[in-house]
Amino acid sequence: LDDLSLEYDNVGTVIQAYFHQAMDYLEKYKNYRIRLVKGAYKEPAEIAYQDKKDIDANYIKLIEWHLLNGKFTSIATHDHRIINHVKEFVKLNNIPNDKFEFQMLYGFRKELQLKLAKEGFNFCTYVPFGNDWYGYFMRRLAERPQNLNLVAKQVFNKKTNTILGVAAGAFILGRVTRGNNNKRK
C-alpha cells in the first residue's frame, strides 16, 4: 500500500479485526479506503484473538474509530447485530452515509442487503471470481457455522419450499399416473 499510494490515489486495503495489531494498521492507514473484516483463518493466539466475543468487540472498536477518523470505511459483515450497532453509531455521531458502506457476499442475507439499500445505506454485494472462486466461497461458508445457516435460510425459504413441494408433488403424481397407465395396458 505504501508503494502503490506513491503512484495511485485510489488504493485501499483490508484490515482483519482479529489481529492484535489491527488498530496500529488502522491508525497508520486512516487516510485510505479501508475494508474491515473480522478475519477468517485460524491464527495463533500470540497474533490474533481467539474468542468470538473478543473479535466482535475489536471489530466494533475498529469500525467506530475509522468512521470517526478515517477516509472511507467498508464494513464487511453478515452479522445483523453489528450492522444494527453501526446504524445507531452513525446516527448518534452524525456520520453521513457517503463515508461508509456495508458489504456482503452474494447469496448471503439477501433480505438484509435489500433492506439496507432501501434504508439509504451504501451497499456492496461482492462476488468471488477467478480460478479459485469456489474455494473462496467455500472458505467463507466454512469459516463460521452461522454462514451455513444463512445460506440454508436463503435457499430454503417459504417461496423455494413451496416450489420444491409443488415440484415433488408433480413428480410423484406423474409417477403414480404413469404406473396406473402401465397397469392398464
# chains A, B, ... in the order shown; residues from 1 in each chain; ligands from 1

$ residues_around --residues "A:Ala45" --least-positions-apart "4" --cutoff "10 Å" --atoms "only C-alpha atoms" --output "MDAnalysis selection string"
chainID A and resid 18:20 49:51

$ residues_around --residues "stretch 71-81 of chain A" --least-positions-apart "4" --cutoff "6 Å" --atoms "only C-alpha atoms" --output "VMD selection string"
chain A and resid 31 to 37 99 to 104

$ write_last_selection --atoms "all heavy atoms" --output "CSV table (one decimal), in the first residue's frame"
chain,number,residue,atom,x,y,z
A,31,ASN,N,-6.0,7.4,6.3
A,31,ASN,CA,-6.3,8.2,5.1
A,31,ASN,C,-6.6,7.5,3.8
A,31,ASN,O,-6.6,8.0,2.8
A,31,ASN,CB,-5.2,9.2,4.9
A,31,ASN,CG,-5.1,10.2,6.1
A,31,ASN,OD1,-6.1,10.6,6.6
A,31,ASN,ND2,-3.9,10.5,6.5
A,32,TYR,N,-6.7,6.2,4.0
A,32,TYR,CA,-7.0,5.3,2.8
A,32,TYR,C,-8.4,4.7,3.0
A,32,TYR,O,-8.9,4.6,4.1
A,32,TYR,CB,-6.0,4.2,2.7
A,32,TYR,CG,-4.6,4.7,2.4
A,32,TYR,CD1,-3.7,5.0,3.4
A,32,TYR,CD2,-4.3,4.9,1.1
A,32,TYR,CE1,-2.5,5.4,3.1
A,32,TYR,CE2,-3.0,5.3,0.7
A,32,TYR,CZ,-2.1,5.6,1.8
A,32,TYR,OH,-0.9,6.1,1.5
A,33,ARG,N,-8.9,4.2,1.9
A,33,ARG,CA,-10.2,3.5,2.0
A,33,ARG,C,-9.8,2.1,2.6
A,33,ARG,O,-8.9,1.4,2.2
A,33,ARG,CB,-10.7,3.3,0.6
A,33,ARG,CG,-12.0,2.5,0.5
A,33,ARG,CD,-12.5,2.4,-0.9
A,33,ARG,NE,-13.7,1.6,-0.9
A,33,ARG,CZ,-14.9,2.1,-1.5
A,33,ARG,NH1,-14.9,3.2,-2.1
A,33,ARG,NH2,-16.0,1.4,-1.4
A,34,ILE,N,-10.6,1.8,3.7
A,34,ILE,CA,-10.3,0.6,4.5
A,34,ILE,C,-11.5,-0.3,4.4
A,34,ILE,O,-12.7,0.1,4.6
A,34,ILE,CB,-10.0,0.9,5.9
A,34,ILE,CG1,-8.7,1.8,6.0
A,34,ILE,CG2,-9.8,-0.3,6.8
A,34,ILE,CD1,-7.4,1.1,5.6
A,35,ARG,N,-11.3,-1.6,4.2
A,35,ARG,CA,-12.3,-2.6,4.3
A,35,ARG,C,-12.0,-3.4,5.5
A,35,ARG,O,-11.0,-4.0,5.7
A,35,ARG,CB,-12.2,-3.5,3.1
A,35,ARG,CG,-13.3,-4.6,3.1
A,35,ARG,CD,-13.3,-5.4,1.8
A,35,ARG,NE,-14.4,-6.3,1.7
A,35,ARG,CZ,-14.4,-7.6,1.9
A,35,ARG,NH1,-13.2,-8.2,2.1
A,35,ARG,NH2,-15.5,-8.3,1.8
A,36,LEU,N,-13.0,-3.4,6.5
A,36,LEU,CA,-12.8,-4.1,7.7
A,36,LEU,C,-13.6,-5.4,7.7
A,36,LEU,O,-14.8,-5.4,7.4
A,36,LEU,CB,-13.3,-3.2,8.9
A,36,LEU,CG,-12.5,-1.9,9.2
A,36,LEU,CD1,-13.2,-1.0,10.1
A,36,LEU,CD2,-11.1,-2.3,9.7
A,37,VAL,N,-12.8,-6.4,8.0
A,37,VAL,CA,-13.4,-7.8,8.1
A,37,VAL,C,-13.0,-8.3,9.5
A,37,VAL,O,-12.1,-7.9,10.2
A,37,VAL,CB,-12.9,-8.7,7.0
A,37,VAL,CG1,-13.3,-8.1,5.6
A,37,VAL,CG2,-11.4,-8.9,7.1
A,99,LYS,N,-19.7,8.2,3.9
A,99,LYS,CA,-18.4,7.9,4.5
A,99,LYS,C,-18.2,6.4,4.7
A,99,LYS,O,-17.1,6.0,5.2
A,99,LYS,CB,-18.3,8.6,5.9
A,99,LYS,CG,-18.2,10.1,5.8
A,99,LYS,CD,-16.7,10.5,5.9
A,99,LYS,CE,-16.1,10.1,7.2
A,99,LYS,NZ,-14.7,10.2,7.2
A,100,PHE,N,-19.2,5.6,4.4
A,100,PHE,CA,-19.1,4.1,4.6
A,100,PHE,C,-20.0,3.4,3.7
A,100,PHE,O,-20.9,3.9,3.1
A,100,PHE,CB,-19.3,3.8,6.1
A,100,PHE,CG,-20.8,4.0,6.5
A,100,PHE,CD1,-21.6,2.9,6.6
A,100,PHE,CD2,-21.2,5.3,6.8
A,100,PHE,CE1,-22.9,3.1,7.0
A,100,PHE,CE2,-22.6,5.5,7.2
A,100,PHE,CZ,-23.4,4.4,7.3
A,101,GLU,N,-19.8,2.1,3.7
A,101,GLU,CA,-20.7,1.1,3.0
A,101,GLU,C,-20.7,-0.2,3.8
A,101,GLU,O,-19.7,-0.5,4.4
A,101,GLU,CB,-20.4,0.9,1.6
A,101,GLU,CG,-19.1,0.1,1.4
A,101,GLU,CD,-18.7,-0.1,-0.1
A,101,GLU,OE1,-19.4,0.5,-1.0
A,101,GLU,OE2,-17.7,-0.8,-0.3
A,102,PHE,N,-21.8,-0.9,3.7
A,102,PHE,CA,-21.9,-2.3,4.1
A,102,PHE,C,-21.6,-3.2,3.0
A,102,PHE,O,-21.9,-2.9,1.8
A,102,PHE,CB,-23.3,-2.6,4.7
A,102,PHE,CG,-23.6,-1.9,5.9
A,102,PHE,CD1,-24.5,-0.8,5.9
A,102,PHE,CD2,-23.0,-2.2,7.1
A,102,PHE,CE1,-24.9,-0.1,7.1
A,102,PHE,CE2,-23.4,-1.5,8.3
A,102,PHE,CZ,-24.3,-0.5,8.3
A,103,GLN,N,-20.9,-4.3,3.3
A,103,GLN,CA,-20.6,-5.3,2.2
A,103,GLN,C,-21.0,-6.7,2.7
A,103,GLN,O,-20.8,-7.1,3.8
A,103,GLN,CB,-19.1,-5.3,1.9
A,103,GLN,CG,-18.6,-4.0,1.3
A,103,GLN,CD,-17.1,-4.1,1.0
A,103,GLN,OE1,-16.4,-5.0,1.4
A,103,GLN,NE2,-16.7,-3.1,0.2
A,104,MET,N,-21.6,-7.5,1.7
A,104,MET,CA,-21.9,-8.9,2.0
A,104,MET,C,-21.6,-9.7,0.7
A,104,MET,O,-21.7,-9.2,-0.4
A,104,MET,CB,-23.3,-9.0,2.4
A,104,MET,CG,-23.7,-8.6,3.7
A,104,MET,SD,-25.4,-9.0,4.1
A,104,MET,CE,-25.8,-7.7,5.3

$ closest_residue --among "A:Leu4, A:Ala22, A:Leu112, A:Val86" --to "A:Ile63" --atoms "only C-alpha atoms"
A:Val86

$ atom_distance --atom1 "atom CA of A:Lys38" --atom2 "atom CA of A:Ser5"
24.6 Å

$ atom_distance --atom1 "atom CA of A:Ala117" --atom2 "atom CA of A:Lys87"
12.5 Å

$ atom_distance --atom1 "atom CA of A:Leu92" --atom2 "atom CA of A:Lys30"
21.3 Å

$ closest_residue --among "A:Ile95, A:Asn84, A:Asp56, A:Ile47" --to "A:Leu68" --atoms "only C-alpha atoms"
A:Ile95

$ select_by_dssp --residues "stretch 46-97 of chain A" --states "strand (DSSP E)" --output "list in words"
Phe72, Thr73, Ser74, Ile75 and Ala76 of chain A

$ select_by_dssp --residues "stretch 16-159 of chain A" --states "helix (DSSP H, G or I)" --output "JSON list (two decimals) with C-alpha atoms, in the first residue's frame"
[["chain", "number", "residue", "atom", "x", "y", "z"],
["A", 22, "ALA", "CA", -5.26, -4.23, 13.72],
["A", 23, "MET", "CA", -5.63, -0.83, 15.42],
["A", 24, "ASP", "CA", -1.98, 0.01, 14.68],
["A", 25, "TYR", "CA", -2.59, -0.67, 10.98],
["A", 26, "LEU", "CA", -5.87, 1.23, 11.04],
["A", 27, "GLU", "CA", -4.20, 4.30, 12.51],
["A", 28, "LYS", "CA", -1.33, 4.05, 10.02],
["A", 52, "LYS", "CA", -15.64, -14.63, 19.04],
["A", 53, "LYS", "CA", -16.64, -12.08, 21.70],
["A", 54, "ASP", "CA", -13.15, -10.56, 21.66],
["A", 55, "ILE", "CA", -13.07, -10.49, 17.86],
["A", 56, "ASP", "CA", -16.51, -8.85, 17.66],
["A", 57, "ALA", "CA", -15.59, -6.26, 20.30],
["A", 58, "ASN", "CA", -12.38, -5.36, 18.46],
["A", 59, "TYR", "CA", -14.23, -5.26, 15.15],
["A", 60, "ILE", "CA", -16.76, -2.77, 16.53],
["A", 61, "LYS", "CA", -13.96, -0.70, 18.09],
["A", 62, "LEU", "CA", -12.15, -0.53, 14.74],
["A", 63, "ILE", "CA", -15.31, 0.34, 12.82],
["A", 64, "GLU", "CA", -16.18, 3.15, 15.21],
["A", 65, "TRP", "CA", -12.65, 4.55, 15.22],
["A", 66, "HIS", "CA", -12.35, 4.56, 11.43],
["A", 67, "LEU", "CA", -15.82, 6.03, 10.94],
["A", 68, "LEU", "CA", -14.79, 8.92, 13.18],
["A", 69, "ASN", "CA", -11.20, 9.32, 11.93],
["A", 80, "HIS", "CA", -27.10, -8.12, 11.92],
["A", 81, "ARG", "CA", -26.13, -7.21, 15.49],
["A", 82, "ILE", "CA", -23.01, -5.43, 14.29],
["A", 83, "ILE", "CA", -24.90, -3.82, 11.40],
["A", 84, "ASN", "CA", -27.57, -2.52, 13.79],
["A", 85, "HIS", "CA", -24.86, -1.21, 16.11],
["A", 86, "VAL", "CA", -23.21, 0.65, 13.21],
["A", 87, "LYS", "CA", -26.55, 2.12, 12.11],
["A", 88, "GLU", "CA", -27.09, 3.53, 15.62],
["A", 89, "PHE", "CA", -23.49, 4.71, 15.91],
["A", 90, "VAL", "CA", -23.56, 6.68, 12.65],
["A", 91, "LYS", "CA", -26.89, 8.22, 13.62],
["A", 92, "LEU", "CA", -25.65, 9.29, 17.07],
["A", 97, "ASN", "CA", -23.79, 7.67, 4.59],
["A", 98, "ASP", "CA", -21.20, 8.62, 1.97],
["A", 99, "LYS", "CA", -18.41, 7.89, 4.50],
["A", 110, "LYS", "CA", -30.33, -11.14, 0.58],
["A", 111, "GLU", "CA", -33.28, -9.74, 2.55],
["A", 112, "LEU", "CA", -30.92, -7.75, 4.78],
["A", 113, "GLN", "CA", -29.00, -6.46, 1.77],
["A", 114, "LEU", "CA", -32.20, -5.16, 0.19],
["A", 115, "LYS", "CA", -33.37, -3.68, 3.49],
["A", 116, "LEU", "CA", -30.12, -1.75, 3.97],
["A", 117, "ALA", "CA", -30.26, -0.41, 0.41],
["A", 118, "LYS", "CA", -33.92, 0.65, 0.87],
["A", 133, "TRP", "CA", -13.77, -18.56, -6.71],
["A", 134, "TYR", "CA", -15.30, -21.81, -5.49],
["A", 135, "GLY", "CA", -12.57, -22.32, -2.89],
["A", 136, "TYR", "CA", -13.03, -18.75, -1.65],
["A", 137, "PHE", "CA", -16.80, -19.19, -1.43],
["A", 138, "MET", "CA", -16.45, -22.48, 0.45],
["A", 139, "ARG", "CA", -13.96, -20.95, 2.91],
["A", 140, "ARG", "CA", -16.48, -18.18, 3.66],
["A", 141, "LEU", "CA", -19.07, -20.86, 4.35],
["A", 142, "ALA", "CA", -16.69, -22.89, 6.50],
["A", 143, "GLU", "CA", -15.17, -20.04, 8.48],
["A", 145, "PRO", "CA", -21.01, -22.22, 11.18],
["A", 146, "GLN", "CA", -23.54, -19.37, 11.08],
["A", 147, "ASN", "CA", -22.72, -18.84, 7.39],
["A", 148, "LEU", "CA", -24.14, -22.26, 6.54],
["A", 149, "ASN", "CA", -27.34, -21.31, 8.34],
["A", 150, "LEU", "CA", -27.53, -18.03, 6.39],
["A", 151, "VAL", "CA", -27.27, -19.86, 3.06],
["A", 152, "ALA", "CA", -29.75, -22.55, 4.13],
["A", 153, "LYS", "CA", -32.26, -19.88, 5.20],
["A", 154, "GLN", "CA", -31.77, -18.06, 1.90],
["A", 155, "VAL", "CA", -32.16, -21.20, -0.20],
["A", 158, "LYS", "CA", -41.15, -20.16, 2.08],
["A", 159, "LYS", "CA", -41.10, -19.49, -1.64]]
